[in-house]
Structures are given as structure tokens and as C-alpha cells.
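Source file: protein18.csv. Holds: CSV, N, CA and C atoms and all ligand atoms.
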chain,number,residue,atom,x,y,z
A,1,MET,N,-48.3,49.1,127.2
A,1,MET,CA,-47.3,48.2,126.7
A,1,MET,C,-47.9,47.2,125.6
A,2,LYS,N,-49.1,46.7,125.9
A,2,LYS,CA,-49.7,45.8,125.0
A,2,LYS,C,-50.0,46.5,123.7
A,3,LYS,N,-50.4,47.8,123.7
A,3,LYS,CA,-50.7,48.6,122.5
A,3,LYS,C,-49.5,48.8,121.7
A,4,ILE,N,-48.3,49.1,122.4
A,4,ILE,CA,-47.1,49.3,121.6
A,4,ILE,C,-46.7,48.0,120.9
A,5,LEU,N,-46.8,46.9,121.5
A,5,LEU,CA,-46.5,45.6,120.9
A,5,LEU,C,-47.4,45.4,119.7
A,6,PHE,N,-48.7,45.7,119.8
A,6,PHE,CA,-49.7,45.6,118.8
A,6,PHE,C,-49.3,46.4,117.6
A,7,TRP,N,-48.9,47.7,117.8
A,7,TRP,CA,-48.6,48.6,116.7
A,7,TRP,C,-47.2,48.1,116.1
A,8,MET,N,-46.3,47.6,116.9
A,8,MET,CA,-45.1,47.1,116.4
A,8,MET,C,-45.4,45.9,115.4
A,9,TRP,N,-46.4,45.1,115.8
A,9,TRP,CA,-46.8,44.0,115.0
A,9,TRP,C,-47.4,44.5,113.7
A,10,ILE,N,-48.3,45.5,113.7
A,10,ILE,CA,-48.9,46.0,112.5
A,10,ILE,C,-47.8,46.6,111.6
A,11,VAL,N,-46.9,47.4,112.1
A,11,VAL,CA,-45.8,48.0,111.3
A,11,VAL,C,-45.0,46.9,110.7
A,12,ALA,N,-44.7,45.8,111.5
A,12,ALA,CA,-43.8,44.7,111.0
A,12,ALA,C,-44.5,44.0,109.8
A,13,VAL,N,-45.9,43.8,110.0
A,13,VAL,CA,-46.6,43.1,108.9
A,13,VAL,C,-46.6,43.9,107.6
A,14,ILE,N,-46.8,45.2,107.8
A,14,ILE,CA,-46.9,46.1,106.6
A,14,ILE,C,-45.5,46.2,106.0
A,15,THR,N,-44.4,46.2,106.8
A,15,THR,CA,-43.1,46.3,106.3
A,15,THR,C,-42.8,45.0,105.5
A,16,ILE,N,-43.2,43.9,106.0
A,16,ILE,CA,-43.0,42.6,105.3
A,16,ILE,C,-43.6,42.6,104.0
A,17,LEU,N,-44.9,43.0,103.9
A,17,LEU,CA,-45.6,43.1,102.7
A,17,LEU,C,-45.0,44.0,101.7
A,18,VAL,N,-44.6,45.2,102.1
A,18,VAL,CA,-44.0,46.2,101.2
A,18,VAL,C,-42.6,45.6,100.7
A,19,SER,N,-41.8,45.1,101.6
A,19,SER,CA,-40.5,44.6,101.2
A,19,SER,C,-40.6,43.4,100.2
A,20,LEU,N,-41.7,42.5,100.5
A,20,LEU,CA,-41.9,41.4,99.6
A,20,LEU,C,-42.3,41.9,98.2
A,21,LEU,N,-43.1,43.0,98.2
A,21,LEU,CA,-43.6,43.6,96.9
A,21,LEU,C,-42.4,44.2,96.2
A,22,ILE,N,-41.5,44.9,96.9
A,22,ILE,CA,-40.3,45.5,96.3
A,22,ILE,C,-39.4,44.4,95.7
A,23,MET,N,-39.2,43.3,96.6
A,23,MET,CA,-38.4,42.2,96.1
A,23,MET,C,-39.0,41.6,94.9
A,24,GLY,N,-40.3,41.4,94.8
A,24,GLY,CA,-41.0,40.8,93.7
A,24,GLY,C,-40.7,41.6,92.4
A,25,PHE,N,-40.9,42.9,92.5
A,25,PHE,CA,-40.7,43.8,91.4
A,25,PHE,C,-39.3,43.8,90.9
A,26,LYS,N,-38.3,43.8,91.9
A,26,LYS,CA,-36.9,43.8,91.5
A,26,LYS,C,-36.6,42.5,90.8
A,27,LEU,N,-37.1,41.4,91.3
A,27,LEU,CA,-36.8,40.1,90.7
A,27,LEU,C,-37.4,40.0,89.3
A,28,LEU,N,-38.6,40.5,89.1
A,28,LEU,CA,-39.3,40.6,87.8
A,28,LEU,C,-38.4,41.4,86.9
A,29,ASP,N,-37.8,42.4,87.4
A,29,ASP,CA,-37.0,43.4,86.6
A,29,ASP,C,-35.6,42.8,86.3
A,30,GLY,N,-35.3,41.6,86.9
A,30,GLY,CA,-34.0,41.0,86.6
A,30,GLY,C,-32.9,41.5,87.6
A,31,ASN,N,-33.4,42.2,88.6
A,31,ASN,CA,-32.4,42.8,89.6
A,31,ASN,C,-32.4,41.9,90.8
A,32,TYR,N,-31.3,41.2,91.0
A,32,TYR,CA,-31.2,40.3,92.1
A,32,TYR,C,-30.6,40.9,93.4
A,33,ASP,N,-30.4,42.2,93.4
A,33,ASP,CA,-29.8,42.9,94.6
A,33,ASP,C,-30.9,43.2,95.6
A,34,ILE,N,-31.3,42.1,96.3
A,34,ILE,CA,-32.4,42.3,97.3
A,34,ILE,C,-32.0,42.0,98.7
A,35,VAL,N,-30.7,42.2,99.0
A,35,VAL,CA,-30.2,41.9,100.3
A,35,VAL,C,-30.8,42.8,101.4
A,36,ALA,N,-31.0,44.1,101.0
A,36,ALA,CA,-31.5,45.1,102.0
A,36,ALA,C,-33.0,44.7,102.3
A,37,GLU,N,-33.8,44.5,101.3
A,37,GLU,CA,-35.2,44.1,101.5
A,37,GLU,C,-35.3,42.8,102.2
A,38,GLY,N,-34.4,41.8,101.8
A,38,GLY,CA,-34.4,40.5,102.4
A,38,GLY,C,-34.2,40.6,103.9
A,39,SER,N,-33.2,41.4,104.3
A,39,SER,CA,-32.8,41.5,105.7
A,39,SER,C,-33.9,42.2,106.5
A,40,LEU,N,-34.5,43.2,105.9
A,40,LEU,CA,-35.6,44.0,106.5
A,40,LEU,C,-36.7,43.1,106.7
A,41,CYS,N,-37.0,42.3,105.7
A,41,CYS,CA,-38.1,41.3,105.8
A,41,CYS,C,-37.8,40.3,107.0
A,42,GLY,N,-36.5,39.9,107.1
A,42,GLY,CA,-36.2,38.9,108.1
A,42,GLY,C,-36.4,39.5,109.5
A,43,VAL,N,-35.9,40.8,109.7
A,43,VAL,CA,-36.0,41.4,111.0
A,43,VAL,C,-37.5,41.5,111.4
A,44,CYS,N,-38.4,41.9,110.4
A,44,CYS,CA,-39.8,42.1,110.7
A,44,CYS,C,-40.4,40.7,111.0
A,45,LEU,N,-40.0,39.7,110.3
A,45,LEU,CA,-40.5,38.3,110.6
A,45,LEU,C,-40.1,37.9,112.0
A,46,ALA,N,-38.9,38.3,112.4
A,46,ALA,CA,-38.4,38.0,113.8
A,46,ALA,C,-39.3,38.8,114.8
A,47,VAL,N,-39.6,40.0,114.5
A,47,VAL,CA,-40.5,40.8,115.4
A,47,VAL,C,-41.9,40.1,115.5
A,48,ASN,N,-42.3,39.6,114.3
A,48,ASN,CA,-43.6,38.9,114.3
A,48,ASN,C,-43.6,37.7,115.2
A,49,CYS,N,-42.5,36.9,115.1
A,49,CYS,CA,-42.3,35.7,115.9
A,49,CYS,C,-42.3,36.0,117.4
A,50,VAL,N,-41.5,37.1,117.7
A,50,VAL,CA,-41.5,37.5,119.1
A,50,VAL,C,-42.8,37.9,119.6
A,51,TYR,N,-43.6,38.6,118.8
A,51,TYR,CA,-44.9,39.0,119.2
A,51,TYR,C,-45.8,37.8,119.4
A,52,ALA,N,-45.8,36.9,118.4
A,52,ALA,CA,-46.6,35.7,118.5
A,52,ALA,C,-46.2,34.8,119.7
A,53,PHE,N,-44.9,34.7,120.0
A,53,PHE,CA,-44.4,34.0,121.1
A,53,PHE,C,-44.8,34.6,122.4
A,54,SER,N,-44.8,35.9,122.5
A,54,SER,CA,-45.2,36.6,123.7
A,54,SER,C,-46.7,36.4,124.0
A,55,ARG,N,-47.4,36.3,122.9
A,55,ARG,CA,-48.9,36.2,123.0
A,55,ARG,C,-49.2,34.7,123.5
A,56,LEU,N,-48.4,33.8,122.9
A,56,LEU,CA,-48.7,32.4,123.2
A,56,LEU,C,-48.2,31.9,124.5
A,57,SER,N,-46.9,32.3,124.8
A,57,SER,CA,-46.3,31.8,126.1
A,57,SER,C,-46.5,32.7,127.2
A,58,GLY,N,-46.9,33.9,127.0
A,58,GLY,CA,-47.1,34.9,128.1
A,58,GLY,C,-48.3,34.5,128.9
A,59,LEU,N,-48.0,34.3,130.2
A,59,LEU,CA,-49.1,34.1,131.1
A,59,LEU,C,-49.7,35.5,131.5
A,60,ARG,N,-50.9,35.5,132.0
A,60,ARG,CA,-51.5,36.8,132.4
A,60,ARG,C,-51.5,36.7,134.0
A,61,CYS,N,-51.1,37.8,134.5
A,61,CYS,CA,-51.1,38.0,136.0
A,61,CYS,C,-52.6,37.9,136.5
A,62,GLY,N,-52.8,37.1,137.5
A,62,GLY,CA,-54.2,37.0,138.0
A,62,GLY,C,-54.6,38.3,138.8
A,63,TYR,N,-53.7,39.2,139.1
A,63,TYR,CA,-54.0,40.3,139.8
A,63,TYR,C,-54.2,41.6,139.0
A,64,CYS,N,-53.3,41.8,138.0
A,64,CYS,CA,-53.4,43.0,137.2
A,64,CYS,C,-53.7,42.7,135.8
A,65,GLY,N,-53.6,41.4,135.4
A,65,GLY,CA,-54.0,41.0,134.0
A,65,GLY,C,-53.0,41.3,133.0
A,66,LYS,N,-51.8,41.8,133.4
A,66,LYS,CA,-50.7,42.0,132.4
A,66,LYS,C,-50.0,40.8,132.0
A,67,ILE,N,-49.3,40.8,130.8
A,67,ILE,CA,-48.6,39.6,130.4
A,67,ILE,C,-47.3,39.5,131.1
A,68,ILE,N,-47.0,38.3,131.6
A,68,ILE,CA,-45.7,38.1,132.3
A,68,ILE,C,-45.1,36.8,131.8
A,69,TRP,N,-43.8,36.7,132.0
A,69,TRP,CA,-43.0,35.5,131.5
A,69,TRP,C,-43.2,34.4,132.5
A,70,GLN,N,-43.2,33.2,131.9
A,70,GLN,CA,-43.4,32.0,132.7
A,70,GLN,C,-42.4,31.7,133.8
A,71,GLN,N,-41.2,32.2,133.6
A,71,GLN,CA,-40.2,31.9,134.6
A,71,GLN,C,-40.2,32.8,135.8
A,72,ASP,N,-41.0,33.9,135.7
A,72,ASP,CA,-41.2,34.8,136.8
A,72,ASP,C,-42.0,34.2,137.9
A,73,ARG,N,-41.6,34.4,139.1
A,73,ARG,CA,-42.4,33.9,140.3
A,73,ARG,C,-43.3,35.0,140.7
A,74,TYR,N,-42.9,36.3,140.5
A,74,TYR,CA,-43.8,37.4,141.0
A,74,TYR,C,-44.0,38.3,139.8
A,75,CYS,N,-45.2,38.8,139.7
A,75,CYS,CA,-45.5,39.7,138.6
A,75,CYS,C,-44.6,41.0,138.7
A,76,PRO,N,-43.9,41.3,137.5
A,76,PRO,CA,-43.1,42.5,137.6
A,76,PRO,C,-43.9,43.8,137.6
A,77,HIS,N,-45.2,43.7,137.3
A,77,HIS,CA,-46.0,44.9,137.2
A,77,HIS,C,-46.6,45.3,138.6
A,78,CYS,N,-47.1,44.3,139.3
A,78,CYS,CA,-47.8,44.6,140.5
A,78,CYS,C,-47.2,43.8,141.7
A,79,GLY,N,-46.3,42.8,141.4
A,79,GLY,CA,-45.6,42.1,142.6
A,79,GLY,C,-46.4,41.0,143.1
A,80,GLY,N,-47.5,40.7,142.5
A,80,GLY,CA,-48.4,39.5,142.9
A,80,GLY,C,-47.7,38.2,142.6
A,81,GLU,N,-47.9,37.2,143.5
A,81,GLU,CA,-47.3,35.9,143.3
A,81,GLU,C,-48.1,35.2,142.2
A,82,ILE,N,-47.3,34.5,141.3
A,82,ILE,CA,-47.9,33.8,140.1
A,82,ILE,C,-48.2,32.4,140.5
A,83,LYS,N,-49.5,32.0,140.3
A,83,LYS,CA,-49.9,30.6,140.6
A,83,LYS,C,-49.6,29.8,139.3
A,84,LYS,N,-48.9,28.7,139.4
A,84,LYS,CA,-48.7,27.8,138.2
A,84,LYS,C,-49.8,26.8,138.0
A,101,ZN,ZN,-49.6,41.7,138.1

Before we go any further, please render this structure as C-alpha cells.
Amino acid sequence: MKKILFWMWIVAVITILVSLLIMGFKLLDGNYDIVAEGSLCGVCLAVNCVYAFSRLSGLRCGYCGKIIWQQDRYCPHCGGEIKK
């Protein structure tokens, strides 16, 4: 699960860079039709934010070490009780 998130993050970063490049070239070319690239960039930025948020706010289960949400009382992975 953690690896999937990591690769999603890598793909999102690359997509942001590529779409920014495409937008830059289009703007330099006098083409202001960058809605597709802009929204793609926005989606990837959102993915990035979600990833950063999950890394920052995600607690780790003391039993299995997996990331869990703060509002959970029990680990969804192993069922261990979360100590606050
Ligand atoms: Zn656990």
C-alpha cells in the first residue's frame, strides 16, 4: 500500500513537471488554450497534497507499523487498539 502511494506520488510529480513544461511552451507560442494541462496539473497537485497529508497526519500502528487515520480507534490492518 505504501509503495503504491509512493509511485502515485512519483507519477504525479512527473505529470506536474511535464504539464508545466507543455503549458510553458504553449504560452511562449502564444497559445493560451491550456485548460487540459492546467486541470491535469491541478489533479496531480491534489494527489500530491493527499500524499503529503497522509504522510503528515497518518499515525503508525504500534502493532503492525502501517499508516492509520487519527480518527480510528482500532487499526484497520491488524485490529490493534490505537494509543493516543
Ligand atoms: Zn496495525

Task: Coordinates-based distance that separates atom CA of Ile16 of chain A from atom CA of Cys44 of chain A (Å, one decimal) - done: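 One can read the atom CA of Cys44 of chain A to atom CA of Ile16 of chain A distance as 6.3 Å.
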
Any residue with an atom at most 5 Å from ligand ZN 101 (chain A) counts, using only N, CA and C atoms and all ligand atoms. Which are they? Put them as a PDB file with N, CA and C atoms, in the frame of the given file.
ATOM      1  N   CYS A  61     -51.100  37.800 134.500  1.00  0.00           N
ATOM      2  CA  CYS A  61     -51.100  38.000 136.000  1.00  0.00           C
ATOM      3  C   CYS A  61     -52.600  37.900 136.500  1.00  0.00           C
ATOM      4  N   TYR A  63     -53.700  39.200 139.100  1.00  0.00           N
ATOM      5  CA  TYR A  63     -54.000  40.300 139.800  1.00  0.00           C
ATOM      6  C   TYR A  63     -54.200  41.600 139.000  1.00  0.00           C
ATOM      7  N   CYS A  64     -53.300  41.800 138.000  1.00  0.00           N
ATOM      8  CA  CYS A  64     -53.400  43.000 137.200  1.00  0.00           C
ATOM      9  C   CYS A  64     -53.700  42.700 135.800  1.00  0.00           C
ATOM     10  N   GLY A  65     -53.600  41.400 135.400  1.00  0.00           N
ATOM     11  CA  GLY A  65     -54.000  41.000 134.000  1.00  0.00           C
ATOM     12  C   GLY A  65     -53.000  41.300 133.000  1.00  0.00           C
ATOM     13  N   CYS A  75     -45.200  38.800 139.700  1.00  0.00           N
ATOM     14  CA  CYS A  75     -45.500  39.700 138.600  1.00  0.00           C
ATOM     15  C   CYS A  75     -44.600  41.000 138.700  1.00  0.00           C
ATOM     16  N   HIS A  77     -45.200  43.700 137.300  1.00  0.00           N
ATOM     17  CA  HIS A  77     -46.000  44.900 137.200  1.00  0.00           C
ATOM     18  C   HIS A  77     -46.600  45.300 138.600  1.00  0.00           C
ATOM     19  N   CYS A  78     -47.100  44.300 139.300  1.00  0.00           N
ATOM     20  CA  CYS A  78     -47.800  44.600 140.500  1.00  0.00           C
ATOM     21  C   CYS A  78     -47.200  43.800 141.700  1.00  0.00           C
ATOM     22  N   GLY A  79     -46.300  42.800 141.400  1.00  0.00           N
ATOM     23  CA  GLY A  79     -45.600  42.100 142.600  1.00  0.00           C
ATOM     24  C   GLY A  79     -46.400  41.000 143.100  1.00  0.00           C
ATOM     25  N   GLY A  80     -47.500  40.700 142.500  1.00  0.00           N
ATOM     26  CA  GLY A  80     -48.400  39.500 142.900  1.00  0.00           C
ATOM     27  C   GLY A  80     -47.700  38.200 142.600  1.00  0.00           C
TER      28      GLY A  80
END

TODO: Using all atoms listed in the file, determine which residues lie at most 7 Å from Gly62 of chain A, disregarding the query and same-chain residues fewer than 3 positions distant; provide the list as a ChimeraX atom specification.
DONE: /A:59,65-66,81-83

Task: Distance of atom CA of Glu37 of chain A from atom CA of Ser19 of chain A, expressed in Å to one decimal place - done: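 Straight-line distance from atom CA of Ser19 of chain A to atom CA of Glu37 of chain A works out to 5.3 Å.
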
- [ ] Please run DSSP on the backbone and report, as JSON, numbers by chain, all residues within chain A that come out as alpha helix (DSSP H).
- [x] {"A": [2, 3, 4, 5, 6, 7, 8, 9, 10, 11, 12, 13, 14, 15, 16, 17, 18, 19, 20, 21, 22, 23, 24, 25, 26, 27, 28, 35, 36, 37, 38, 39, 40, 41, 42, 43, 44, 45, 46, 47, 48, 49, 50, 51, 52, 53, 54, 55, 56, 57]}

Go ahead and write the selection's residues with N, CA and C atoms as a CSV table (one decimal), in the coordinates of the input.
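Dumped everything to out38.csv:
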chain,number,residue,atom,x,y,z
A,2,LYS,N,-49.1,46.7,125.9
A,2,LYS,CA,-49.7,45.8,125.0
A,2,LYS,C,-50.0,46.5,123.7
A,3,LYS,N,-50.4,47.8,123.7
A,3,LYS,CA,-50.7,48.6,122.5
A,3,LYS,C,-49.5,48.8,121.7
A,4,ILE,N,-48.3,49.1,122.4
A,4,ILE,CA,-47.1,49.3,121.6
A,4,ILE,C,-46.7,48.0,120.9
A,5,LEU,N,-46.8,46.9,121.5
A,5,LEU,CA,-46.5,45.6,120.9
A,5,LEU,C,-47.4,45.4,119.7
A,6,PHE,N,-48.7,45.7,119.8
A,6,PHE,CA,-49.7,45.6,118.8
A,6,PHE,C,-49.3,46.4,117.6
A,7,TRP,N,-48.9,47.7,117.8
A,7,TRP,CA,-48.6,48.6,116.7
A,7,TRP,C,-47.2,48.1,116.1
A,8,MET,N,-46.3,47.6,116.9
A,8,MET,CA,-45.1,47.1,116.4
A,8,MET,C,-45.4,45.9,115.4
A,9,TRP,N,-46.4,45.1,115.8
A,9,TRP,CA,-46.8,44.0,115.0
A,9,TRP,C,-47.4,44.5,113.7
A,10,ILE,N,-48.3,45.5,113.7
A,10,ILE,CA,-48.9,46.0,112.5
A,10,ILE,C,-47.8,46.6,111.6
A,11,VAL,N,-46.9,47.4,112.1
A,11,VAL,CA,-45.8,48.0,111.3
A,11,VAL,C,-45.0,46.9,110.7
A,12,ALA,N,-44.7,45.8,111.5
A,12,ALA,CA,-43.8,44.7,111.0
A,12,ALA,C,-44.5,44.0,109.8
A,13,VAL,N,-45.9,43.8,110.0
A,13,VAL,CA,-46.6,43.1,108.9
A,13,VAL,C,-46.6,43.9,107.6
A,14,ILE,N,-46.8,45.2,107.8
A,14,ILE,CA,-46.9,46.1,106.6
A,14,ILE,C,-45.5,46.2,106.0
A,15,THR,N,-44.4,46.2,106.8
A,15,THR,CA,-43.1,46.3,106.3
A,15,THR,C,-42.8,45.0,105.5
A,16,ILE,N,-43.2,43.9,106.0
A,16,ILE,CA,-43.0,42.6,105.3
A,16,ILE,C,-43.6,42.6,104.0
A,17,LEU,N,-44.9,43.0,103.9
A,17,LEU,CA,-45.6,43.1,102.7
A,17,LEU,C,-45.0,44.0,101.7
A,18,VAL,N,-44.6,45.2,102.1
A,18,VAL,CA,-44.0,46.2,101.2
A,18,VAL,C,-42.6,45.6,100.7
A,19,SER,N,-41.8,45.1,101.6
A,19,SER,CA,-40.5,44.6,101.2
A,19,SER,C,-40.6,43.4,100.2
A,20,LEU,N,-41.7,42.5,100.5
A,20,LEU,CA,-41.9,41.4,99.6
A,20,LEU,C,-42.3,41.9,98.2
A,21,LEU,N,-43.1,43.0,98.2
A,21,LEU,CA,-43.6,43.6,96.9
A,21,LEU,C,-42.4,44.2,96.2
A,22,ILE,N,-41.5,44.9,96.9
A,22,ILE,CA,-40.3,45.5,96.3
A,22,ILE,C,-39.4,44.4,95.7
A,23,MET,N,-39.2,43.3,96.6
A,23,MET,CA,-38.4,42.2,96.1
A,23,MET,C,-39.0,41.6,94.9
A,24,GLY,N,-40.3,41.4,94.8
A,24,GLY,CA,-41.0,40.8,93.7
A,24,GLY,C,-40.7,41.6,92.4
A,25,PHE,N,-40.9,42.9,92.5
A,25,PHE,CA,-40.7,43.8,91.4
A,25,PHE,C,-39.3,43.8,90.9
A,26,LYS,N,-38.3,43.8,91.9
A,26,LYS,CA,-36.9,43.8,91.5
A,26,LYS,C,-36.6,42.5,90.8
A,27,LEU,N,-37.1,41.4,91.3
A,27,LEU,CA,-36.8,40.1,90.7
A,27,LEU,C,-37.4,40.0,89.3
A,28,LEU,N,-38.6,40.5,89.1
A,28,LEU,CA,-39.3,40.6,87.8
A,28,LEU,C,-38.4,41.4,86.9
A,35,VAL,N,-30.7,42.2,99.0
A,35,VAL,CA,-30.2,41.9,100.3
A,35,VAL,C,-30.8,42.8,101.4
A,36,ALA,N,-31.0,44.1,101.0
A,36,ALA,CA,-31.5,45.1,102.0
A,36,ALA,C,-33.0,44.7,102.3
A,37,GLU,N,-33.8,44.5,101.3
A,37,GLU,CA,-35.2,44.1,101.5
A,37,GLU,C,-35.3,42.8,102.2
A,38,GLY,N,-34.4,41.8,101.8
A,38,GLY,CA,-34.4,40.5,102.4
A,38,GLY,C,-34.2,40.6,103.9
A,39,SER,N,-33.2,41.4,104.3
A,39,SER,CA,-32.8,41.5,105.7
A,39,SER,C,-33.9,42.2,106.5
A,40,LEU,N,-34.5,43.2,105.9
A,40,LEU,CA,-35.6,44.0,106.5
A,40,LEU,C,-36.7,43.1,106.7
A,41,CYS,N,-37.0,42.3,105.7
A,41,CYS,CA,-38.1,41.3,105.8
A,41,CYS,C,-37.8,40.3,107.0
A,42,GLY,N,-36.5,39.9,107.1
A,42,GLY,CA,-36.2,38.9,108.1
A,42,GLY,C,-36.4,39.5,109.5
A,43,VAL,N,-35.9,40.8,109.7
A,43,VAL,CA,-36.0,41.4,111.0
A,43,VAL,C,-37.5,41.5,111.4
A,44,CYS,N,-38.4,41.9,110.4
A,44,CYS,CA,-39.8,42.1,110.7
A,44,CYS,C,-40.4,40.7,111.0
A,45,LEU,N,-40.0,39.7,110.3
A,45,LEU,CA,-40.5,38.3,110.6
A,45,LEU,C,-40.1,37.9,112.0
A,46,ALA,N,-38.9,38.3,112.4
A,46,ALA,CA,-38.4,38.0,113.8
A,46,ALA,C,-39.3,38.8,114.8
A,47,VAL,N,-39.6,40.0,114.5
A,47,VAL,CA,-40.5,40.8,115.4
A,47,VAL,C,-41.9,40.1,115.5
A,48,ASN,N,-42.3,39.6,114.3
A,48,ASN,CA,-43.6,38.9,114.3
A,48,ASN,C,-43.6,37.7,115.2
A,49,CYS,N,-42.5,36.9,115.1
A,49,CYS,CA,-42.3,35.7,115.9
A,49,CYS,C,-42.3,36.0,117.4
A,50,VAL,N,-41.5,37.1,117.7
A,50,VAL,CA,-41.5,37.5,119.1
A,50,VAL,C,-42.8,37.9,119.6
A,51,TYR,N,-43.6,38.6,118.8
A,51,TYR,CA,-44.9,39.0,119.2
A,51,TYR,C,-45.8,37.8,119.4
A,52,ALA,N,-45.8,36.9,118.4
A,52,ALA,CA,-46.6,35.7,118.5
A,52,ALA,C,-46.2,34.8,119.7
A,53,PHE,N,-44.9,34.7,120.0
A,53,PHE,CA,-44.4,34.0,121.1
A,53,PHE,C,-44.8,34.6,122.4
A,54,SER,N,-44.8,35.9,122.5
A,54,SER,CA,-45.2,36.6,123.7
A,54,SER,C,-46.7,36.4,124.0
A,55,ARG,N,-47.4,36.3,122.9
A,55,ARG,CA,-48.9,36.2,123.0
A,55,ARG,C,-49.2,34.7,123.5
A,56,LEU,N,-48.4,33.8,122.9
A,56,LEU,CA,-48.7,32.4,123.2
A,56,LEU,C,-48.2,31.9,124.5
A,57,SER,N,-46.9,32.3,124.8
A,57,SER,CA,-46.3,31.8,126.1
A,57,SER,C,-46.5,32.7,127.2

Within 7 Å of segment 45-54 of chain A, which residues of segment 5-30 of chain A come that close, and what is the closest atom pair and distance in Å for each? Count only N, CA and C atoms and give it as a Markdown table.
| residue | atom | partner | partner_atom | distance |
| --- | --- | --- | --- | --- |
| A:Leu5 | C | A:Tyr51 | CA | 6.9 |
| A:Met8 | C | A:Val47 | C | 6.8 |
| A:Trp9 | CA | A:Asn48 | CA | 6.1 |
| A:Ala12 | C | A:Leu45 | N | 6.2 |
| A:Val13 | N | A:Asn48 | CA | 6.9 |
| A:Ile16 | CA | A:Leu45 | N | 6.5 |

Keeping only N, CA and C atoms, write the selected residues to a file as a PDB file, keeping the file's coordinate frame.
ATOM      1  N   LEU A   5     -46.800  46.900 121.500  1.00  0.00           N
ATOM      2  CA  LEU A   5     -46.500  45.600 120.900  1.00  0.00           C
ATOM      3  C   LEU A   5     -47.400  45.400 119.700  1.00  0.00           C
ATOM      4  N   MET A   8     -46.300  47.600 116.900  1.00  0.00           N
ATOM      5  CA  MET A   8     -45.100  47.100 116.400  1.00  0.00           C
ATOM      6  C   MET A   8     -45.400  45.900 115.400  1.00  0.00           C
ATOM      7  N   TRP A   9     -46.400  45.100 115.800  1.00  0.00           N
ATOM      8  CA  TRP A   9     -46.800  44.000 115.000  1.00  0.00           C
ATOM      9  C   TRP A   9     -47.400  44.500 113.700  1.00  0.00           C
ATOM     10  N   ALA A  12     -44.700  45.800 111.500  1.00  0.00           N
ATOM     11  CA  ALA A  12     -43.800  44.700 111.000  1.00  0.00           C
ATOM     12  C   ALA A  12     -44.500  44.000 109.800  1.00  0.00           C
ATOM     13  N   VAL A  13     -45.900  43.800 110.000  1.00  0.00           N
ATOM     14  CA  VAL A  13     -46.600  43.100 108.900  1.00  0.00           C
ATOM     15  C   VAL A  13     -46.600  43.900 107.600  1.00  0.00           C
ATOM     16  N   ILE A  16     -43.200  43.900 106.000  1.00  0.00           N
ATOM     17  CA  ILE A  16     -43.000  42.600 105.300  1.00  0.00           C
ATOM     18  C   ILE A  16     -43.600  42.600 104.000  1.00  0.00           C
TER      19      ILE A  16
END

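Rounded to one decimal, atom CA of Leu20 of chain A and atom CA of Ile4 of chain A lie 23.9 Å from each other.
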
Could you pull out the residues in chain A that DSSP calls strand (DSSP E or B) from the backbone, as an mmCIF file with N, CA and C atoms, keeping the file's coordinate frame?
data_model
loop_
_atom_site.group_PDB
_atom_site.id
_atom_site.type_symbol
_atom_site.label_atom_id
_atom_site.label_comp_id
_atom_site.auth_asym_id
_atom_site.auth_seq_id
_atom_site.Cartn_x
_atom_site.Cartn_y
_atom_site.Cartn_z
ATOM 1 N N LEU A 59 -48.000 34.300 130.200
ATOM 2 C CA LEU A 59 -49.100 34.100 131.100
ATOM 3 C C LEU A 59 -49.700 35.500 131.500
ATOM 4 N N ARG A 60 -50.900 35.500 132.000
ATOM 5 C CA ARG A 60 -51.500 36.800 132.400
ATOM 6 C C ARG A 60 -51.500 36.700 134.000
ATOM 7 N N ILE A 67 -49.300 40.800 130.800
ATOM 8 C CA ILE A 67 -48.600 39.600 130.400
ATOM 9 C C ILE A 67 -47.300 39.500 131.100
ATOM 10 N N ILE A 68 -47.000 38.300 131.600
ATOM 11 C CA ILE A 68 -45.700 38.100 132.300
ATOM 12 C C ILE A 68 -45.100 36.800 131.800
ATOM 13 N N TYR A 74 -42.900 36.300 140.500
ATOM 14 C CA TYR A 74 -43.800 37.400 141.000
ATOM 15 C C TYR A 74 -44.000 38.300 139.800
ATOM 16 N N GLU A 81 -47.900 37.200 143.500
ATOM 17 C CA GLU A 81 -47.300 35.900 143.300
ATOM 18 C C GLU A 81 -48.100 35.200 142.200
#

Task: Nearest to Met23 of chain A by atom-to-atom distance, counting only C-alpha atoms, from A:Val11, A:Asp72, A:Phe6, A:Gly38 - done: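 Of all the options, A:Gly38 lies closest to Met23 of chain A.
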